[in-house]
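K.L.:
Pasting in a structure now, in structure tokens, and then I'll have a few things to ask.
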Amino acid sequence: MILQDLNRVRQIAVIAAKHGFGELTDGAGLWRMLGRKEKVEVSPEAQRASTARRFRMLLNDLGPTFVKLGQILSTRGDLLPAEYIEELAMLQDQVDPIPLEQVYAQIRESLGRDVPDLFAKIEPVPLAAASIAQVHRAVTLTGEEVVVKVQRPGISERIDSDLTVLRSLARLLEAVVEETGVYTPTGIIDEFDRAIHEELDFINEASNIRAFLANHAERPYLKIPRVYEELSSRRVLTLEFIAGVKISQAQLEQADREVLARHLLDGSFRQLFEDGLFHGDPHPGNLLVLEGNRLALLDFGVVGRLTKPMQETLVMLCLAVALKDSDSVARLLYRVGVADSRANLAGFRNDIEAILGQHLPTTLGEVDAQTLLRDLLDLAVKYRIRIPKEYALLSRASISMEGMLRSLYPEMNILEVALPYAKELLAGRYDPSQLQGGLMRTLLRFQSLATDLPTQLSQILLDLESGKFSVTVRAEQFDRLNENLRSAAVIAFVGLCACGFIVGTFIAFAQKPWMYGNTPVLGIIGVAMSAAFFGAVFTWYLFGGRIRKVSVSRWLKKRK
């Protein structure tokens, strides 16, 4: 590491110790890397706080990169326990705005022209200031009202420097912390690297907005801002200004609430099951209420994408959950995930059945989506099933959407609203009007089997072709028969040897060679050997099985 990185490591070690993570830094060898250890007192606030809260405070004090890491981790319920997710969801980019001169300089550097040649006016006070960028209202030269999102100068270099340190720390943690989950520290940092660089590239966000605009063109109840291409670049993004009220601050009548809730739910279903592109962070600050009971969607830095197979799996999963079909839920989750080893599918199904029975009432006002989704993700971690990040992001988005729907219209009947979508989505394959509860469950299981079977057969054929296919048959009767055959063979062999000695003994007695007094020596030896062999046969018959088991056990221990 260069000197600057070592200084950053020292800063991280000091702040971590201040928040009560001194033992972790000691175990990771940070102070050995720095050459000396500093004495740091744990803050009184950290002494009273839980581990999850101390972790949030630590990330907050470490600066913008770590705040962003915490915000991204808060969307990944498959990585951290629920209490950590709840704490990290409260992380806010509490940063001071950059001066207007720096905003102008960034615009000039990114767009290649001076601000007066691009905008008629830019408001000096930002609408919002975050760790990566800040947003200003502005007016174009043609008089159109826009918002300009300007990236903080030097933030990309700062994040790259912190990522270098984070990777080094992740490797140290892997060396000293016992691996218990399905993700490694370096794997988490790699995912964070990809996510943060996507968010730093405003061209990527502009592309997301254009895709949303095209998808929702025929849905008049949902407004998407337009991108001003000529006023946008990798570090500057200019969008149409939309005047509205945040959904959490709007004063609405009961009828308006129901209409907006249905619009919100319809837009969400269309994003998931038709478009394959959904908003990854639909919190109340990103939703505006417009005139005519319309909604505007903002901030497209975090989006999720679903392929056609993923959409189909999601349809079946939603139906299985709605019907409390734990068998189908277990198989679908097992199929979409990546298991580290063969999971106990029966135990997984039983645990899912308990969760569905506990968390799935009828009305939306009673559904605790956060707990339901959290428990399903926790189960996947328990059975070491790695859920793709798209589903984890969808889980977080669903929790936010559920909270807004609950506040708008808690009396909504979730089955009444969801089943028409399910019927529409399955219309190309089945006749939904004839499907009832028991038949639907059977159909779900058949669909799951029909999807899994080609993959399993393909795997078997590949194993056969490569010579890796093997069949192991175990049966107690076969094992017992094998033991009896071995015993019979040994007894026969020893008996033949004994018979040979007996015949030789009679011959020796008859010919009387090698006499010692009046006693033939070979005859006496033959009698002794015959007795020994008979004794061996008798001992093997009585104790052979036990001796063999002990001998095999000792041999296996030596092999290990």
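We name chains A, B, ... following the order of the structure tokens; residues begin at 1 in each chain, and ligands are numbered from 1 as shown.
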For Val95 in chain A, please output as a list of chain:residue names all residues within 10 Å (counting only C-alpha atoms; exclusion window: fewer than 3 positions along the same chain).
P.N.:
A:Gly63, A:Pro64, A:Gln92, A:Ile98, A:Ala128, A:Ala129, A:Ala130, A:Ser131, A:Ile132, A:Gln134
K.L.:
Please write the residues from the selection above to a file, keeping N, CA and C atoms, as a PDB file, in the first residue's frame.
P.N.:
ATOM      1  N   GLY A  63     -17.263   8.199   6.073  1.00  0.00           N
ATOM      2  CA  GLY A  63     -17.347   9.053   4.900  1.00  0.00           C
ATOM      3  C   GLY A  63     -18.215   8.528   3.780  1.00  0.00           C
ATOM      4  N   PRO A  64     -18.256   9.275   2.645  1.00  0.00           N
ATOM      5  CA  PRO A  64     -19.210   9.002   1.558  1.00  0.00           C
ATOM      6  C   PRO A  64     -19.149   7.593   0.992  1.00  0.00           C
ATOM      7  N   GLN A  92     -28.187   8.314   5.793  1.00  0.00           N
ATOM      8  CA  GLN A  92     -28.478   9.429   4.911  1.00  0.00           C
ATOM      9  C   GLN A  92     -27.175  10.119   4.514  1.00  0.00           C
ATOM     10  N   ILE A  98     -21.488  21.519  -2.255  1.00  0.00           N
ATOM     11  CA  ILE A  98     -20.285  22.133  -2.810  1.00  0.00           C
ATOM     12  C   ILE A  98     -20.625  23.541  -3.297  1.00  0.00           C
ATOM     13  N   ALA A 128     -31.081  19.292  -3.441  1.00  0.00           N
ATOM     14  CA  ALA A 128     -30.601  18.187  -2.620  1.00  0.00           C
ATOM     15  C   ALA A 128     -29.095  18.081  -2.792  1.00  0.00           C
ATOM     16  N   ALA A 129     -28.420  17.679  -1.713  1.00  0.00           N
ATOM     17  CA  ALA A 129     -26.965  17.472  -1.745  1.00  0.00           C
ATOM     18  C   ALA A 129     -26.657  16.117  -1.126  1.00  0.00           C
ATOM     19  N   ALA A 130     -26.063  15.238  -1.921  1.00  0.00           N
ATOM     20  CA  ALA A 130     -25.731  13.888  -1.454  1.00  0.00           C
ATOM     21  C   ALA A 130     -24.234  13.654  -1.610  1.00  0.00           C
ATOM     22  N   SER A 131     -23.798  12.450  -1.243  1.00  0.00           N
ATOM     23  CA  SER A 131     -22.363  12.174  -1.235  1.00  0.00           C
ATOM     24  C   SER A 131     -21.785  12.083  -2.638  1.00  0.00           C
ATOM     25  N   ILE A 132     -22.589  11.697  -3.614  1.00  0.00           N
ATOM     26  CA  ILE A 132     -22.087  11.552  -4.978  1.00  0.00           C
ATOM     27  C   ILE A 132     -22.384  12.780  -5.826  1.00  0.00           C
ATOM     28  N   GLN A 134     -25.107  16.577  -6.352  1.00  0.00           N
ATOM     29  CA  GLN A 134     -26.140  17.470  -5.841  1.00  0.00           C
ATOM     30  C   GLN A 134     -26.966  17.987  -7.014  1.00  0.00           C
TER      31      GLN A 134
END
K.L.:
Just the residues within 10 Å of range 71-84 of chain A, please, counting only C-alpha atoms, with nothing from its chain fewer than 5 positions along; format it as a count of residues only.
P.N.:
51
K.L.:
I'd like the neighbourhood of Glu353 in chain A as a PDB file with N, CA and C atoms, in the first residue's frame, where a residue qualifies if any of its atoms comes within 12 Å (using only C-alpha atoms), though same-chain residues fewer than 6 positions away should be ignored.
P.N.:
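Writing done, so here's out_19.pdb:
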ATOM      1  N   ALA A 320     -47.618 -19.190  -5.895  1.00  0.00           N
ATOM      2  CA  ALA A 320     -47.391 -20.198  -4.867  1.00  0.00           C
ATOM      3  C   ALA A 320     -47.503 -19.605  -3.471  1.00  0.00           C
ATOM      4  N   VAL A 321     -46.976 -18.397  -3.292  1.00  0.00           N
ATOM      5  CA  VAL A 321     -47.085 -17.723  -1.994  1.00  0.00           C
ATOM      6  C   VAL A 321     -48.532 -17.392  -1.685  1.00  0.00           C
ATOM      7  N   LEU A 323     -51.160 -18.875  -2.662  1.00  0.00           N
ATOM      8  CA  LEU A 323     -51.911 -20.104  -2.373  1.00  0.00           C
ATOM      9  C   LEU A 323     -51.329 -20.890  -1.198  1.00  0.00           C
ATOM     10  N   LYS A 324     -50.286 -20.334  -0.577  1.00  0.00           N
ATOM     11  CA  LYS A 324     -49.615 -20.989   0.556  1.00  0.00           C
ATOM     12  C   LYS A 324     -49.130 -22.391   0.192  1.00  0.00           C
ATOM     13  N   ASP A 325     -48.640 -22.531  -1.038  1.00  0.00           N
ATOM     14  CA  ASP A 325     -48.119 -23.814  -1.492  1.00  0.00           C
ATOM     15  C   ASP A 325     -46.633 -23.864  -1.168  1.00  0.00           C
ATOM     16  N   SER A 326     -46.308 -24.367   0.017  1.00  0.00           N
ATOM     17  CA  SER A 326     -44.925 -24.353   0.485  1.00  0.00           C
ATOM     18  C   SER A 326     -44.017 -25.222  -0.371  1.00  0.00           C
ATOM     19  N   ASP A 327     -44.532 -26.306  -0.930  1.00  0.00           N
ATOM     20  CA  ASP A 327     -43.707 -27.184  -1.751  1.00  0.00           C
ATOM     21  C   ASP A 327     -43.214 -26.447  -2.996  1.00  0.00           C
ATOM     22  N   SER A 328     -44.124 -25.736  -3.675  1.00  0.00           N
ATOM     23  CA  SER A 328     -43.727 -24.997  -4.872  1.00  0.00           C
ATOM     24  C   SER A 328     -42.805 -23.841  -4.530  1.00  0.00           C
ATOM     25  N   VAL A 329     -43.072 -23.152  -3.420  1.00  0.00           N
ATOM     26  CA  VAL A 329     -42.194 -22.046  -3.010  1.00  0.00           C
ATOM     27  C   VAL A 329     -40.785 -22.559  -2.764  1.00  0.00           C
ATOM     28  N   ALA A 330     -40.664 -23.677  -2.070  1.00  0.00           N
ATOM     29  CA  ALA A 330     -39.342 -24.232  -1.766  1.00  0.00           C
ATOM     30  C   ALA A 330     -38.597 -24.606  -3.039  1.00  0.00           C
ATOM     31  N   ALA A 346     -36.712 -30.948   2.114  1.00  0.00           N
ATOM     32  CA  ALA A 346     -37.870 -31.240   2.972  1.00  0.00           C
ATOM     33  C   ALA A 346     -37.904 -30.276   4.160  1.00  0.00           C
ATOM     34  N   GLY A 347     -36.759 -30.063   4.795  1.00  0.00           N
ATOM     35  CA  GLY A 347     -36.707 -29.108   5.902  1.00  0.00           C
ATOM     36  C   GLY A 347     -36.974 -27.695   5.434  1.00  0.00           C
ATOM     37  N   HIS A 359     -47.519 -15.388   8.186  1.00  0.00           N
ATOM     38  CA  HIS A 359     -47.448 -14.023   7.656  1.00  0.00           C
ATOM     39  C   HIS A 359     -48.389 -13.737   6.499  1.00  0.00           C
ATOM     40  N   LEU A 360     -49.299 -14.636   6.156  1.00  0.00           N
ATOM     41  CA  LEU A 360     -50.106 -14.394   4.961  1.00  0.00           C
ATOM     42  C   LEU A 360     -51.596 -14.363   5.264  1.00  0.00           C
ATOM     43  N   LEU A 372     -42.193 -11.020   6.168  1.00  0.00           N
ATOM     44  CA  LEU A 372     -42.334 -12.182   5.302  1.00  0.00           C
ATOM     45  C   LEU A 372     -41.118 -12.341   4.395  1.00  0.00           C
ATOM     46  N   ASP A 375     -37.914 -13.139   6.373  1.00  0.00           N
ATOM     47  CA  ASP A 375     -37.843 -14.523   6.834  1.00  0.00           C
ATOM     48  C   ASP A 375     -37.509 -15.475   5.686  1.00  0.00           C
ATOM     49  N   LEU A 376     -38.045 -15.207   4.496  1.00  0.00           N
ATOM     50  CA  LEU A 376     -37.730 -16.058   3.347  1.00  0.00           C
ATOM     51  C   LEU A 376     -36.250 -15.946   2.978  1.00  0.00           C
ATOM     52  N   LEU A 379     -34.171 -17.738   5.538  1.00  0.00           N
ATOM     53  CA  LEU A 379     -34.211 -19.179   5.306  1.00  0.00           C
ATOM     54  C   LEU A 379     -33.237 -19.592   4.203  1.00  0.00           C
TER      55      LEU A 379
END
K.L.:
So how far away is CA of Leu100 in chain A from CA of Arg113 in chain A, in Å?
P.N.:
16.2 Å
K.L.:
For a test of reading the model, state the distance in Å between CA of Asp351 in chain A and CA of Met316 in chain A, rounded to one decimal.
P.N.:
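About the pair CA of Asp351 in chain A and CA of Met316 in chain A: they are 19.1 Å apart.
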K.L.:
Nearest to Ile155 in chain A: which of A:Leu345, A:Glu199, A:Ile12, A:Val259 is it, counting only C-alpha atoms?
P.N.:
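Smallest distance to Ile155 in chain A is found for A:Glu199.
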K.L.:
When you draw a straight line from CA of Lys382 in chain A to CA of Glu402 in chain A, how long is it in Å?
P.N.:
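Computed distance, CA of Lys382 in chain A to CA of Glu402 in chain A, equals 25.3 Å.
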K.L.:
Identify, with DSSP run on backbone atoms, the residues in range 27-275 of chain A assigned to alpha helix (DSSP H), and express the list as a PyMOL selection string.
P.N.:
chain A and resi 27-28+30-34+44-48+51-62+64-73+82-88+100-111+155-176+185-200+202-215+254-270
K.L.:
Give me the residues near Lys39 in chain A as a list in words, where near means some atom within 12 Å (using only C-alpha atoms) and where sequence neighbours in that chain fewer than 5 positions away do not count.
P.N.:
Ala13, Val14, Ile15, Ala17, Lys18, Gly22, Asp26 and Trp31 of chain A
K.L.:
Next, write the just-selected residues to a file, as a tab-separated table (two decimals), in the first residue's frame, keeping all heavy atoms as the atom set.
P.N.:
chain	number	residue	atom	x	y	z
A	13	ALA	N	-9.01	2.27	11.39
A	13	ALA	CA	-8.75	1.53	12.63
A	13	ALA	C	-9.15	2.35	13.85
A	13	ALA	O	-9.75	1.82	14.80
A	13	ALA	CB	-7.28	1.13	12.70
A	14	VAL	N	-8.83	3.64	13.84
A	14	VAL	CA	-9.16	4.50	14.98
A	14	VAL	C	-10.67	4.64	15.13
A	14	VAL	O	-11.22	4.51	16.23
A	14	VAL	CB	-8.49	5.88	14.82
A	14	VAL	CG1	-9.03	6.87	15.85
A	14	VAL	CG2	-6.98	5.76	14.94
A	15	ILE	N	-11.36	4.90	14.02
A	15	ILE	CA	-12.82	5.09	14.09
A	15	ILE	C	-13.51	3.78	14.47
A	15	ILE	O	-14.49	3.78	15.24
A	15	ILE	CB	-13.35	5.63	12.74
A	15	ILE	CG1	-12.77	7.02	12.47
A	15	ILE	CG2	-14.87	5.69	12.73
A	15	ILE	CD1	-13.15	7.60	11.11
A	17	ALA	N	-12.25	1.37	16.34
A	17	ALA	CA	-12.04	1.18	17.78
A	17	ALA	C	-12.94	2.10	18.59
A	17	ALA	O	-13.47	1.70	19.64
A	17	ALA	CB	-10.58	1.42	18.11
A	18	LYS	N	-13.14	3.30	18.13
A	18	LYS	CA	-14.02	4.26	18.81
A	18	LYS	C	-15.44	3.73	18.91
A	18	LYS	O	-16.15	3.97	19.89
A	18	LYS	CB	-13.99	5.59	18.06
A	18	LYS	CG	-14.98	6.62	18.57
A	18	LYS	CD	-14.98	7.85	17.68
A	18	LYS	CE	-16.11	8.81	18.06
A	18	LYS	NZ	-16.18	9.97	17.13
A	22	GLY	N	-12.74	-2.69	18.21
A	22	GLY	CA	-11.30	-2.81	18.39
A	22	GLY	C	-10.79	-4.23	18.27
A	22	GLY	O	-9.73	-4.47	17.69
A	26	ASP	N	-7.92	-5.60	15.74
A	26	ASP	CA	-6.75	-6.31	16.26
A	26	ASP	C	-6.59	-7.67	15.58
A	26	ASP	O	-5.50	-8.07	15.18
A	26	ASP	CB	-6.86	-6.49	17.77
A	26	ASP	CG	-6.76	-5.17	18.52
A	26	ASP	OD1	-6.30	-4.19	17.91
A	26	ASP	OD2	-7.15	-5.13	19.71
A	31	TRP	N	-3.20	-2.95	13.10
A	31	TRP	CA	-2.15	-2.23	13.82
A	31	TRP	C	-0.78	-2.81	13.49
A	31	TRP	O	0.22	-2.07	13.46
A	31	TRP	CB	-2.41	-2.27	15.33
A	31	TRP	CG	-3.65	-1.54	15.74
A	31	TRP	CD1	-4.76	-2.06	16.32
A	31	TRP	CD2	-3.92	-0.15	15.59
A	31	TRP	NE1	-5.71	-1.10	16.54
A	31	TRP	CE2	-5.21	0.10	16.10
A	31	TRP	CE3	-3.19	0.93	15.06
A	31	TRP	CZ2	-5.80	1.37	16.12
A	31	TRP	CZ3	-3.78	2.19	15.07
A	31	TRP	CH2	-5.06	2.40	15.60
K.L.:
Taking 2 positions as the minimum chain separation for residues in the same chain, which residues sit within 10 Å of Arg305 in chain A when counting only C-alpha atoms? Answer as a list in words.
P.N.:
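Once the adjacent positions are removed, what remains is Gln271, Leu272, Asp275, Gly276, Leu277, Phe278, His279, Gly280, Val303, Thr307, Lys308, Met310, Gln311, Glu390, Tyr391, Leu393 and Leu394 of chain A.
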K.L.:
Find the residues around Ile242 in chain A up to 10 Å (only C-alpha atoms counted), leave out those fewer than 3 positions away in its own chain, and share them as a PyMOL selection string.
P.N.:
chain A and resi 145-147+223-226+239+245+288+290+296-298
K.L.:
Deliver the residues from the most recent selection as a file, using N, CA, C and O atoms, as a short mmCIF file (atom, residue, chain, number, x, y, z; two decimals), in the first residue's frame.
P.N.:
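Output saved as result_22.cif:
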data_model
loop_
_atom_site.label_atom_id
_atom_site.label_comp_id
_atom_site.auth_asym_id
_atom_site.auth_seq_id
_atom_site.Cartn_x
_atom_site.Cartn_y
_atom_site.Cartn_z
N GLU A 145 -38.00 24.50 -17.88
CA GLU A 145 -37.53 24.25 -16.52
C GLU A 145 -36.97 22.82 -16.42
O GLU A 145 -37.61 21.86 -16.83
N VAL A 146 -35.78 22.75 -15.84
CA VAL A 146 -35.09 21.46 -15.74
C VAL A 146 -34.45 21.35 -14.35
O VAL A 146 -34.41 22.31 -13.58
N VAL A 147 -33.95 20.15 -14.05
CA VAL A 147 -33.10 19.94 -12.88
C VAL A 147 -31.76 19.40 -13.39
O VAL A 147 -31.72 18.59 -14.32
N LYS A 223 -45.83 9.31 -14.76
CA LYS A 223 -45.00 10.28 -15.46
C LYS A 223 -43.52 9.98 -15.22
O LYS A 223 -43.09 9.81 -14.08
N ILE A 224 -42.74 9.95 -16.31
CA ILE A 224 -41.30 9.75 -16.25
C ILE A 224 -40.63 10.99 -16.84
O ILE A 224 -41.02 11.45 -17.92
N PRO A 225 -39.63 11.58 -16.17
CA PRO A 225 -39.00 12.80 -16.71
C PRO A 225 -38.21 12.50 -17.99
O PRO A 225 -37.69 11.41 -18.18
N ARG A 226 -38.11 13.52 -18.85
CA ARG A 226 -37.38 13.40 -20.10
C ARG A 226 -35.92 13.81 -19.90
O ARG A 226 -35.61 14.72 -19.12
N LEU A 239 -32.50 16.80 -16.51
CA LEU A 239 -33.81 16.16 -16.67
C LEU A 239 -34.92 17.20 -16.64
O LEU A 239 -34.75 18.30 -16.08
N VAL A 245 -46.09 17.01 -5.50
CA VAL A 245 -45.96 16.91 -4.05
C VAL A 245 -45.52 15.49 -3.71
O VAL A 245 -46.04 14.52 -4.28
N LEU A 288 -43.88 11.44 -6.70
CA LEU A 288 -44.62 12.70 -6.59
C LEU A 288 -46.06 12.47 -7.02
O LEU A 288 -46.34 11.68 -7.94
N LEU A 290 -49.23 14.12 -8.83
CA LEU A 290 -49.52 15.18 -9.78
C LEU A 290 -51.03 15.38 -9.89
O LEU A 290 -51.82 14.59 -9.34
N ALA A 296 -45.53 10.60 -10.47
CA ALA A 296 -44.25 10.80 -11.16
C ALA A 296 -43.17 10.02 -10.43
O ALA A 296 -43.11 10.04 -9.20
N LEU A 297 -42.34 9.34 -11.19
CA LEU A 297 -41.28 8.52 -10.63
C LEU A 297 -39.93 9.19 -10.89
O LEU A 297 -39.65 9.61 -12.03
N LEU A 298 -39.09 9.31 -9.85
CA LEU A 298 -37.82 10.02 -9.94
C LEU A 298 -36.67 9.11 -9.53
O LEU A 298 -36.88 8.07 -8.90
#
K.L.:
Looking only at the backbone, which of the residues in range 41-237 of chain A does DSSP tag as strand (DSSP E or B), as a ChimeraX atom specification?
P.N.:
/A:119-122,128-129,133-140,145-151,222-223,227,236-237
